[in-house]
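Scroll down for the structure; my scribbles are underneath it.
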Amino acid sequence: MKVMQALYALKQSEVSNYYGGLEYITEVFTPDLNANEVQDVKKLEANKKLASTYYEEYFLSGKKDYQDEVPEIVNAVNQAIADQDKKTGKDKKHFGKLLMNEVDRIYDLYLLLLRLPVDLSDFSDQQKIKTRNILAGNSILNLIAANKELNARSAWDHSALSTIYKLMKEDKDLAEPKPKTLEEEQKIVSQIYKIVLKDKDLMSFFEDRDLNWAENRSIVKNLVLKTIKAIEEKDTSLNLLALSTNWEEDKDFFKELYDKTIAGDKELEQVVTEKVKNWDIERVAVLDRVILKLAISEMMNFSSIPVKVTINEYIELSKLYSTPKSKQFINGILDSASVELLKSGRIRKSGRGLIDNK
């Protein structure tokens with residue numbers, strides 16, 4: 001999902017850079033009102049149209065068929081292409097870096113939420129709130145407070161804590177007598193997380209820290225609740241969870257998938273174009289094209305992932321993020337492309353995935 005979002009953002013920036021090139025050509029051939037000599041406006045307009053046409057054709061075919069034109073046209077088109085390539089190159093690095101930052105941000109929000117009960121309890125004591133401190137004496141707070149990684153996080157601001165405390169006072173599940181068992185303490189803390197994560201007024205607090213909070217919310221929620229639920233009586237420290245079993249390997253996978261999809265863009269575009277029957281490739285939804293390229297790239301570059309697994313994963317992505325008809329479209333294209341790529345040897349599977357792809 002994160003790689004898909006990064007590639008979609010990159011595609012949008014490429015479109016912007018492309019039109020930036022057309023704007024540059026327009027500027028080159030715009031009459032200079034301050035020029036000392038009279039300019040041939042009709043000739044400038046004709047050169048602009050011709051240069052724009054050559055520029056557009058280059059991005060369709062990759063051919064530079066304008067080299068025999070007048071120097072003004074050649075130079076304008078070459079400079080527009082060079083500027084577009086330079087900007088897109090920077091964008092590839094930028095969105096690749098953002099991809100990894102986005103992934104790390106999920107873990108940062110997980111840690112921020114985990115320390116919330118301690119900050120809430122401290123806030124209650126500091127503000128001398130007349131109502132009962134719901135978290136007073138809760139043993140889970142001791143485990144959270146003792147965790148060095150959580151202590152190193154920035155504390156929640158008073159505005160957010162005040163909002164959360166009001167929500168807690170209004171929640172019926174938090175009006176019970178002081179908990180006596182660990183299970184009851186876990187229930188109290190978990191309920192606080194639930195009301196915080198579902199409150200619409202607090203959405204902006206999280207969105208300010210994560211632009212993709214709508215997608216990441218469920219991941220963070222599951223991590224936090226699993227952490228609290230896993231606490232046992234004998235625990236003397238809080239066991240933090242990883243985002244996955246092999247998190248460092250997963251991060252390497254994200255980066256490799258992003259890089260290889262970009263590097264193989266022309267080949268992937270060709271595969272998709274050949275498989276889209278009765279469709280103009282330019283009319284296929286941009287997000288669908290991104291999903292198709294990403295899926296085919298994964299099939300071709302990661303030998304241990306079964307083709308069926310890849311297809312199913314990207315069908316699910318299309319159901320969540322693309323158009324209602326995308327599921328059938330994505331499924332059909334990937335099925336057809338995978339059969340042909342397997343026969344040609346461009347997809348090679350090994351290990352456990354081999355059996356799944358016969």
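Residues are named by chain letter and number: chains run A, B, ... in the order of the structure tokens, numbers start at 1 in each chain, and ligands are numbered from 1 in the order shown.
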Applying 7 Å and only C-alpha atoms, which residues near range 102-116 of chain A remain after dropping the ones on its own chain fewer than 3 positions away? List them as a ChimeraX atom specification. /A:98-99,119-120,144,150,153,216,220,223-224
Would you mind exporting N, CA and C atoms of the selected residues as an mmCIF file, in the first residue's frame?
```cif
data_model
loop_
_atom_site.group_PDB
_atom_site.id
_atom_site.type_symbol
_atom_site.label_atom_id
_atom_site.label_comp_id
_atom_site.auth_asym_id
_atom_site.auth_seq_id
_atom_site.Cartn_x
_atom_site.Cartn_y
_atom_site.Cartn_z
ATOM 1 N N LEU A 98 10.341 9.635 1.317
ATOM 2 C CA LEU A 98 9.067 9.793 2.013
ATOM 3 C C LEU A 98 8.433 8.447 2.322
ATOM 4 N N LEU A 99 8.603 7.508 1.401
ATOM 5 C CA LEU A 99 8.057 6.166 1.601
ATOM 6 C C LEU A 99 8.569 5.567 2.895
ATOM 7 N N ASP A 119 0.709 10.368 30.457
ATOM 8 C CA ASP A 119 0.520 11.808 30.295
ATOM 9 C C ASP A 119 -0.857 12.248 30.792
ATOM 10 N N LEU A 120 -1.865 11.404 30.582
ATOM 11 C CA LEU A 120 -3.209 11.723 31.061
ATOM 12 C C LEU A 120 -3.262 11.765 32.582
ATOM 13 N N ILE A 144 4.605 1.501 31.569
ATOM 14 C CA ILE A 144 4.790 2.503 30.515
ATOM 15 C C ILE A 144 5.831 3.540 30.944
ATOM 16 N N LEU A 150 9.720 4.970 25.413
ATOM 17 C CA LEU A 150 8.516 5.797 25.512
ATOM 18 C C LEU A 150 8.800 7.103 26.231
ATOM 19 N N ARG A 153 9.955 9.963 24.069
ATOM 20 C CA ARG A 153 9.004 10.609 23.159
ATOM 21 C C ARG A 153 8.527 11.945 23.731
ATOM 22 N N ASN A 216 -3.572 4.391 8.171
ATOM 23 C CA ASN A 216 -2.676 3.843 9.194
ATOM 24 C C ASN A 216 -3.348 3.646 10.557
ATOM 25 N N VAL A 220 -2.098 1.143 13.755
ATOM 26 C CA VAL A 220 -1.644 1.667 15.046
ATOM 27 C C VAL A 220 -2.550 1.166 16.165
ATOM 28 N N LEU A 223 -1.787 -2.462 17.030
ATOM 29 C CA LEU A 223 -0.508 -2.583 17.731
ATOM 30 C C LEU A 223 -0.651 -2.196 19.206
ATOM 31 N N VAL A 224 -1.322 -1.076 19.441
ATOM 32 C CA VAL A 224 -1.479 -0.583 20.813
ATOM 33 C C VAL A 224 -2.301 -1.554 21.653
#
```
Set the distance at 10 Å and use only C-alpha atoms: which residues neighbour Arg217 in chain A once local chain neighbours fewer than 5 positions away are removed? I'd like the list as a VMD selection string. chain A and resid 106 109 to 110 197 to 198 203 206 to 207 210 212 222
To one decimal in Å, tell me the separation between CA of Asp40 in chain A and CA of Val77 in chain A. 20.0 Å
Determine, counting only C-alpha atoms, which protein, DNA and RNA residues have an atom within 10 Å of an atom of range 325-337 of chain A; residues of the same chain fewer than 5 positions away are not included. Present the result as an MDAnalysis selection string. chainID A and resid 271:277 284:285 287:289 291:293 295:296 299 307:308 310:312 314:320 342
How would the residues just chosen look if you wrote them out with C-alpha atoms as a CSV table (one decimal), in the first residue's frame?
```csv
chain,number,residue,atom,x,y,z
A,271,VAL,CA,3.6,-5.4,-20.8
A,272,VAL,CA,0.5,-3.5,-19.6
A,273,THR,CA,-0.1,-1.9,-22.9
A,274,GLU,CA,0.1,-5.2,-24.7
A,275,LYS,CA,-2.4,-6.8,-22.4
A,276,VAL,CA,-5.0,-4.0,-22.4
A,277,LYS,CA,-7.4,-5.1,-25.1
A,284,VAL,CA,-6.9,3.4,-18.0
A,285,ALA,CA,-7.1,5.0,-14.6
A,287,LEU,CA,-4.0,4.3,-10.1
A,288,ASP,CA,-4.9,1.1,-12.0
A,289,ARG,CA,-1.8,1.5,-14.1
A,291,ILE,CA,-1.2,-1.1,-9.4
A,292,LEU,CA,-0.6,-3.2,-12.5
A,293,LYS,CA,3.0,-2.1,-12.9
A,295,ALA,CA,2.2,-6.2,-9.3
A,296,ILE,CA,4.1,-7.2,-12.5
A,299,MET,CA,6.2,-11.0,-10.0
A,307,VAL,CA,2.3,-15.3,-8.5
A,308,LYS,CA,-1.1,-16.1,-7.0
A,310,THR,CA,0.9,-11.2,-5.7
A,311,ILE,CA,-2.3,-11.1,-7.8
A,312,ASN,CA,-4.6,-11.5,-4.8
A,314,TYR,CA,-3.1,-6.3,-5.7
A,315,ILE,CA,-6.7,-7.1,-6.3
A,316,GLU,CA,-7.3,-6.3,-2.7
A,317,LEU,CA,-5.5,-2.9,-3.2
A,318,SER,CA,-7.7,-2.1,-6.2
A,319,LYS,CA,-10.9,-2.9,-4.2
A,320,LEU,CA,-9.8,-0.5,-1.4
A,342,LEU,CA,6.0,-17.3,-17.0
```
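In this structure, CA of Asn78 in chain A sits 26.1 Å away from CA of Leu7 in chain A.
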Which is closest to Gly21 in chain A among A:Lys2, A:Lys87, A:Lys64, A:Lys343, if we use only C-alpha atoms?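 Of the candidates, the smallest distance to Gly21 in chain A is held by A:Lys87.
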Just the alpha helix (DSSP H) stuff from range 262-311 of chain A, please, per backbone DSSP, written as a PyMOL selection string. chain A and resi 262-263+265-275+286-301+307-311
Would you export the selected residues with N, CA and C atoms as a JSON list (two decimals), in the first residue's frame, please?
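Saved as again24.json:
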```json
[["chain", "number", "residue", "atom", "x", "y", "z"],
["A", 262, "ILE", "N", 10.40, 1.53, -10.58],
["A", 262, "ILE", "CA", 10.79, 2.76, -11.29],
["A", 262, "ILE", "C", 11.79, 2.43, -12.40],
["A", 263, "ALA", "N", 12.79, 1.62, -12.06],
["A", 263, "ALA", "CA", 13.84, 1.28, -13.03],
["A", 263, "ALA", "C", 13.28, 0.53, -14.24],
["A", 265, "ASP", "N", 10.21, 0.82, -15.51],
["A", 265, "ASP", "CA", 8.94, 1.43, -15.90],
["A", 265, "ASP", "C", 8.60, 1.22, -17.37],
["A", 266, "LYS", "N", 9.55, 1.41, -18.27],
["A", 266, "LYS", "CA", 9.27, 1.28, -19.70],
["A", 266, "LYS", "C", 8.87, -0.14, -20.06],
["A", 267, "GLU", "N", 9.59, -1.12, -19.51],
["A", 267, "GLU", "CA", 9.26, -2.52, -19.77],
["A", 267, "GLU", "C", 7.88, -2.86, -19.20],
["A", 268, "LEU", "N", 7.60, -2.38, -18.01],
["A", 268, "LEU", "CA", 6.31, -2.65, -17.37],
["A", 268, "LEU", "C", 5.17, -1.98, -18.14],
["A", 269, "GLU", "N", 5.41, -0.77, -18.62],
["A", 269, "GLU", "CA", 4.40, -0.06, -19.41],
["A", 269, "GLU", "C", 4.08, -0.84, -20.68],
["A", 270, "GLN", "N", 5.11, -1.42, -21.27],
["A", 270, "GLN", "CA", 4.92, -2.20, -22.50],
["A", 270, "GLN", "C", 4.09, -3.46, -22.23],
["A", 271, "VAL", "N", 4.39, -4.14, -21.12],
["A", 271, "VAL", "CA", 3.64, -5.35, -20.76],
["A", 271, "VAL", "C", 2.17, -5.02, -20.56],
["A", 272, "VAL", "N", 1.91, -3.93, -19.83],
["A", 272, "VAL", "CA", 0.52, -3.54, -19.56],
["A", 272, "VAL", "C", -0.18, -3.14, -20.85],
["A", 273, "THR", "N", 0.50, -2.36, -21.68],
["A", 273, "THR", "CA", -0.10, -1.90, -22.94],
["A", 273, "THR", "C", -0.50, -3.07, -23.83],
["A", 274, "GLU", "N", 0.37, -4.07, -23.91],
["A", 274, "GLU", "CA", 0.10, -5.24, -24.75],
["A", 274, "GLU", "C", -1.09, -6.05, -24.25],
["A", 275, "LYS", "N", -1.36, -5.98, -22.96],
["A", 275, "LYS", "CA", -2.43, -6.79, -22.37],
["A", 275, "LYS", "C", -3.77, -6.06, -22.28],
["A", 286, "VAL", "N", -5.13, 6.12, -13.78],
["A", 286, "VAL", "CA", -3.71, 6.21, -13.39],
["A", 286, "VAL", "C", -3.39, 5.25, -12.26],
["A", 287, "LEU", "N", -4.26, 5.18, -11.27],
["A", 287, "LEU", "CA", -4.01, 4.31, -10.13],
["A", 287, "LEU", "C", -4.00, 2.84, -10.56],
["A", 288, "ASP", "N", -4.88, 2.48, -11.49],
["A", 288, "ASP", "CA", -4.89, 1.10, -11.99],
["A", 288, "ASP", "C", -3.58, 0.76, -12.69],
["A", 289, "ARG", "N", -3.05, 1.70, -13.44],
["A", 289, "ARG", "CA", -1.78, 1.48, -14.13],
["A", 289, "ARG", "C", -0.64, 1.31, -13.11],
["A", 290, "VAL", "N", -0.68, 2.11, -12.05],
["A", 290, "VAL", "CA", 0.33, 1.98, -11.00],
["A", 290, "VAL", "C", 0.23, 0.61, -10.35],
["A", 291, "ILE", "N", -0.98, 0.18, -10.03],
["A", 291, "ILE", "CA", -1.18, -1.13, -9.39],
["A", 291, "ILE", "C", -0.70, -2.26, -10.31],
["A", 292, "LEU", "N", -1.03, -2.18, -11.59],
["A", 292, "LEU", "CA", -0.62, -3.22, -12.54],
["A", 292, "LEU", "C", 0.91, -3.30, -12.66],
["A", 293, "LYS", "N", 1.55, -2.15, -12.79],
["A", 293, "LYS", "CA", 3.01, -2.13, -12.91],
["A", 293, "LYS", "C", 3.67, -2.66, -11.65],
["A", 294, "LEU", "N", 3.14, -2.26, -10.52],
["A", 294, "LEU", "CA", 3.70, -2.69, -9.24],
["A", 294, "LEU", "C", 3.57, -4.20, -9.08],
["A", 295, "ALA", "N", 2.41, -4.74, -9.44],
["A", 295, "ALA", "CA", 2.19, -6.18, -9.33],
["A", 295, "ALA", "C", 3.11, -6.97, -10.26],
["A", 296, "ILE", "N", 3.22, -6.52, -11.50],
["A", 296, "ILE", "CA", 4.07, -7.21, -12.47],
["A", 296, "ILE", "C", 5.54, -7.11, -12.07],
["A", 297, "SER", "N", 5.93, -5.96, -11.54],
["A", 297, "SER", "CA", 7.30, -5.79, -11.04],
["A", 297, "SER", "C", 7.59, -6.77, -9.92],
["A", 298, "GLU", "N", 6.63, -6.94, -9.00],
["A", 298, "GLU", "CA", 6.80, -7.88, -7.90],
["A", 298, "GLU", "C", 6.92, -9.31, -8.43],
["A", 299, "MET", "N", 6.11, -9.66, -9.41],
["A", 299, "MET", "CA", 6.18, -11.01, -10.00],
["A", 299, "MET", "C", 7.55, -11.28, -10.61],
["A", 300, "MET", "N", 8.09, -10.27, -11.29],
["A", 300, "MET", "CA", 9.32, -10.45, -12.06],
["A", 300, "MET", "C", 10.58, -10.36, -11.20],
["A", 301, "ASN", "N", 10.50, -9.65, -10.09],
["A", 301, "ASN", "CA", 11.73, -9.36, -9.32],
["A", 301, "ASN", "C", 11.86, -10.09, -8.00],
["A", 307, "VAL", "N", 3.04, -16.18, -7.57],
["A", 307, "VAL", "CA", 2.26, -15.31, -8.45],
["A", 307, "VAL", "C", 0.84, -15.12, -7.92],
["A", 308, "LYS", "N", 0.22, -16.20, -7.46],
["A", 308, "LYS", "CA", -1.15, -16.11, -6.95],
["A", 308, "LYS", "C", -1.25, -15.16, -5.76],
["A", 309, "VAL", "N", -0.23, -15.20, -4.91],
["A", 309, "VAL", "CA", -0.21, -14.31, -3.74],
["A", 309, "VAL", "C", -0.15, -12.85, -4.20],
["A", 310, "THR", "N", 0.72, -12.57, -5.16],
["A", 310, "THR", "CA", 0.85, -11.21, -5.68],
["A", 310, "THR", "C", -0.45, -10.73, -6.29],
["A", 311, "ILE", "N", -1.06, -11.54, -7.14],
["A", 311, "ILE", "CA", -2.31, -11.14, -7.80],
["A", 311, "ILE", "C", -3.40, -10.85, -6.76]]
```
Taking only C-alpha atoms into account, which of A:Ile164, A:Thr30, A:Leu211, A:Lys229 comes nearest Asp199 in chain A? A:Ile164
